[in-house]
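Q: Have a look at the structure that comes next, please.
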Amino acid sequence: MKQKNNINAKYIYDQLDRELISLLRTDGRAPLSKLADILHVSRGTVQNRLDRLLSSGTLHGFTVRVREDYEHDAIRSLMMIEVVGKSTSQVIRKLRGIPELQTLHTTNGSWDLVAEIQTTNLSDFDRVLREVRMIDGVLNSETSILLSSV
């Protein structure tokens with residue numbers, strides 16, 4: 001089932017789709033011919049599947065992933081944020097104005113938001129923590145610096 005640009009369209013994935021997505025997660029720049037060889041299908045089949053996955057909204061595009069140690073001096077952290085009452089939308093708007101916040105997620109449980117923070121030094125890291133904590137509507141926060149990935 002293919003409906004162009006409709007993310008909510010019902011699309012049934014088969015094994016070939018799952019394998020193609022898996023290969024693209026590993027190498028989003030792989031040529032169609034290489035993907036076709038690995039999947040044992042024609043180049044045209046791979047192109048048709050890619051077109052369908054893109055038009056259904058399953059794939060949003062292709063990107064470059066950088067090694068974690070590429071920015072070896074970067075300080076990366078996760079900040080859990082508790083928001084007062086119904087001020088979540090207001091807090092989110094203000095958080096989006098802080099460039100060091102790489103991503104922001106809503107969540108359930110004790111914390112309302114989780115922010116991924118990246119700074120180049122501890123002084124900037126401290127400043128970002130203060131900025132977040134000074135936002136009206138932020139009740140509490142807890143931050144963990146990411147030391148290494150395992």
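In the structure tokens, chains take the letters A, B, ... in the order shown, each chain's residues start at 1, and ligands count up from 1 in the order shown.
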I'd like the contact shell of stretch 21-35 of chain A - 10 Å cut-off, only C-alpha atoms, skipping same-chain residues fewer than 6 positions apart - returned as a ChimeraX atom specification.

A: /A:15,41-47,49-50,53,58-59,61-65

Q: What does the file look like for those residues with N, CA and C atoms, as an mmCIF file, in the first residue's frame?

A:
```cif
data_model
loop_
_atom_site.group_PDB
_atom_site.id
_atom_site.type_symbol
_atom_site.label_atom_id
_atom_site.label_comp_id
_atom_site.auth_asym_id
_atom_site.auth_seq_id
_atom_site.Cartn_x
_atom_site.Cartn_y
_atom_site.Cartn_z
ATOM 1 N N GLN A 15 10.232 -8.861 4.901
ATOM 2 C CA GLN A 15 11.610 -9.137 5.294
ATOM 3 C C GLN A 15 12.607 -8.330 4.465
ATOM 4 N N VAL A 41 18.677 -9.049 -5.023
ATOM 5 C CA VAL A 41 17.558 -8.559 -5.832
ATOM 6 C C VAL A 41 18.124 -7.585 -6.856
ATOM 7 N N SER A 42 17.281 -7.151 -7.782
ATOM 8 C CA SER A 42 17.752 -6.212 -8.804
ATOM 9 C C SER A 42 17.890 -4.800 -8.239
ATOM 10 N N ARG A 43 18.671 -4.000 -8.943
ATOM 11 C CA ARG A 43 18.850 -2.604 -8.557
ATOM 12 C C ARG A 43 17.510 -1.882 -8.592
ATOM 13 N N GLY A 44 16.689 -2.188 -9.568
ATOM 14 C CA GLY A 44 15.356 -1.583 -9.693
ATOM 15 C C GLY A 44 14.462 -1.906 -8.507
ATOM 16 N N THR A 45 14.569 -3.134 -7.993
ATOM 17 C CA THR A 45 13.781 -3.517 -6.815
ATOM 18 C C THR A 45 14.195 -2.689 -5.613
ATOM 19 N N VAL A 46 15.501 -2.510 -5.434
ATOM 20 C CA VAL A 46 15.989 -1.700 -4.317
ATOM 21 C C VAL A 46 15.483 -0.265 -4.470
ATOM 22 N N GLN A 47 15.573 0.289 -5.689
ATOM 23 C CA GLN A 47 15.105 1.655 -5.920
ATOM 24 C C GLN A 47 13.612 1.781 -5.615
ATOM 25 N N ARG A 49 11.799 -0.080 -3.601
ATOM 26 C CA ARG A 49 11.606 -0.197 -2.144
ATOM 27 C C ARG A 49 11.994 1.100 -1.447
ATOM 28 N N LEU A 50 13.115 1.694 -1.848
ATOM 29 C CA LEU A 50 13.534 2.967 -1.255
ATOM 30 C C LEU A 50 12.487 4.050 -1.500
ATOM 31 N N LEU A 53 9.554 3.359 0.799
ATOM 32 C CA LEU A 53 9.873 3.657 2.196
ATOM 33 C C LEU A 53 9.963 5.168 2.439
ATOM 34 N N THR A 58 8.436 6.185 6.223
ATOM 35 C CA THR A 58 9.246 5.283 7.045
ATOM 36 C C THR A 58 10.682 5.783 7.113
ATOM 37 N N LEU A 59 11.239 6.161 5.971
ATOM 38 C CA LEU A 59 12.566 6.771 5.915
ATOM 39 C C LEU A 59 12.381 8.267 5.706
ATOM 40 N N GLY A 61 15.156 10.231 5.239
ATOM 41 C CA GLY A 61 16.312 10.687 4.494
ATOM 42 C C GLY A 61 17.531 9.893 4.907
ATOM 43 N N PHE A 62 18.669 10.352 4.490
ATOM 44 C CA PHE A 62 19.911 9.655 4.741
ATOM 45 C C PHE A 62 20.863 10.647 5.384
ATOM 46 N N THR A 63 21.627 10.183 6.331
ATOM 47 C CA THR A 63 22.470 11.088 7.096
ATOM 48 C C THR A 63 23.833 10.478 7.361
ATOM 49 N N VAL A 64 24.710 11.306 7.849
ATOM 50 C CA VAL A 64 26.050 10.871 8.220
ATOM 51 C C VAL A 64 26.077 10.675 9.728
ATOM 52 N N ARG A 65 26.643 9.585 10.174
ATOM 53 C CA ARG A 65 26.855 9.362 11.606
ATOM 54 C C ARG A 65 28.333 9.539 11.882
#
```

Q: Apply DSSP to the backbone of this structure and, from chain A, keep only the residues in alpha helix (DSSP H); write these as number ranges by chain.

A: A: 15-26, 32-39, 43-55, 88-95, 122-134

Q: Can you tell me which residues surround A:Thr107 at a distance of at most 10 Å, considering only C-alpha atoms, apart from same-chain residues fewer than 5 positions away, and format the answer as a CSV table (one decimal) with N, CA and C atoms, in the first residue's frame?

A:
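Result saved to out.csv:
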```
chain,number,residue,atom,x,y,z
A,80,MET,N,17.4,15.2,33.0
A,80,MET,CA,16.0,14.9,33.2
A,80,MET,C,15.4,16.1,33.8
A,81,ILE,N,14.2,16.5,33.3
A,81,ILE,CA,13.6,17.8,33.8
A,81,ILE,C,12.2,17.6,34.2
A,112,ASP,N,9.5,14.8,33.2
A,112,ASP,CA,8.6,15.2,32.1
A,112,ASP,C,9.4,15.3,30.8
A,113,LEU,N,10.7,15.7,30.8
A,113,LEU,CA,11.5,15.9,29.7
A,113,LEU,C,12.9,15.3,29.9
A,114,VAL,N,13.5,14.9,28.8
A,114,VAL,CA,14.9,14.5,28.8
A,114,VAL,C,15.6,15.3,27.7
```

Q: If we count only C-alpha atoms and set the cut-off at 12 Å, which residues sit around stretch 131-134 of chain A, ignoring sequence neighbours fewer than 5 positions away in its own chain? Please answer as number ranges by chain.

A: A: 79-83, 91-101, 113-115, 117, 124-126, 139-143

Q: Suppose we keep C-alpha atoms; can you now write the selection as a PDB file, in the first residue's frame?

A:
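The resulting selection17.pdb:
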```pdb
ATOM      1  CA  MET A  79      19.340  16.062  31.762  1.00  0.00           C
ATOM      2  CA  MET A  80      16.020  14.907  33.187  1.00  0.00           C
ATOM      3  CA  ILE A  81      13.636  17.798  33.781  1.00  0.00           C
ATOM      4  CA  GLU A  82      10.519  18.025  35.944  1.00  0.00           C
ATOM      5  CA  VAL A  83       8.014  20.683  34.896  1.00  0.00           C
ATOM      6  CA  VAL A  91       9.305  25.246  28.938  1.00  0.00           C
ATOM      7  CA  ILE A  92       9.890  23.383  25.659  1.00  0.00           C
ATOM      8  CA  ARG A  93       9.792  26.664  23.694  1.00  0.00           C
ATOM      9  CA  LYS A  94      12.439  28.173  25.964  1.00  0.00           C
ATOM     10  CA  LEU A  95      14.607  25.042  25.957  1.00  0.00           C
ATOM     11  CA  ARG A  96      14.647  25.034  22.148  1.00  0.00           C
ATOM     12  CA  GLY A  97      16.399  28.396  22.332  1.00  0.00           C
ATOM     13  CA  ILE A  98      19.447  26.866  24.025  1.00  0.00           C
ATOM     14  CA  PRO A  99      21.786  25.765  21.210  1.00  0.00           C
ATOM     15  CA  GLU A 100      23.706  23.266  23.368  1.00  0.00           C
ATOM     16  CA  LEU A 101      20.550  21.137  23.738  1.00  0.00           C
ATOM     17  CA  LEU A 113      11.494  15.917  29.650  1.00  0.00           C
ATOM     18  CA  VAL A 114      14.903  14.495  28.785  1.00  0.00           C
ATOM     19  CA  ALA A 115      17.451  16.788  27.137  1.00  0.00           C
ATOM     20  CA  ILE A 117      23.278  18.376  26.044  1.00  0.00           C
ATOM     21  CA  ASP A 124      29.723  26.149  29.179  1.00  0.00           C
ATOM     22  CA  PHE A 125      28.208  23.007  30.680  1.00  0.00           C
ATOM     23  CA  ASP A 126      27.692  24.797  33.998  1.00  0.00           C
ATOM     24  CA  LEU A 139      10.728  22.525  39.031  1.00  0.00           C
ATOM     25  CA  ASN A 140      13.623  20.076  39.277  1.00  0.00           C
ATOM     26  CA  SER A 141      16.366  18.500  37.181  1.00  0.00           C
ATOM     27  CA  GLU A 142      18.997  15.807  37.335  1.00  0.00           C
ATOM     28  CA  THR A 143      21.943  15.613  34.985  1.00  0.00           C
TER      29      THR A 143
END
```

Q: Would you mind writing down, as a PyMOL selection string, each residue of chain A that DSSP on the backbone assigns to strand (DSSP E)?

A: chain A and resi 75-83+101-106+113-119+138-145

Q: Work out how far atom CA of A:His40 is from atom CA of A:Leu16, in Å to one decimal.

A: 9.9 Å

Q: What does the structure give for the distance between atom CA of A:Lys86 and atom CA of A:Thr103, in Å to one decimal?

A: 21.1 Å

Q: Considering only C-alpha atoms, can you say which of A:Leu146, A:Ala36, A:Val84, A:Ile135 comes closest to A:Gln118?

A: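 Checking each of A:Leu146, A:Ala36, A:Val84, A:Ile135 against A:Gln118, counting only C-alpha atoms, the winner is A:Leu146.
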
Q: Separation of atom CA of A:Glu116 and atom CA of A:Leu78, in Å?

A: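 That distance, rounded to one decimal, is 4.8 Å.
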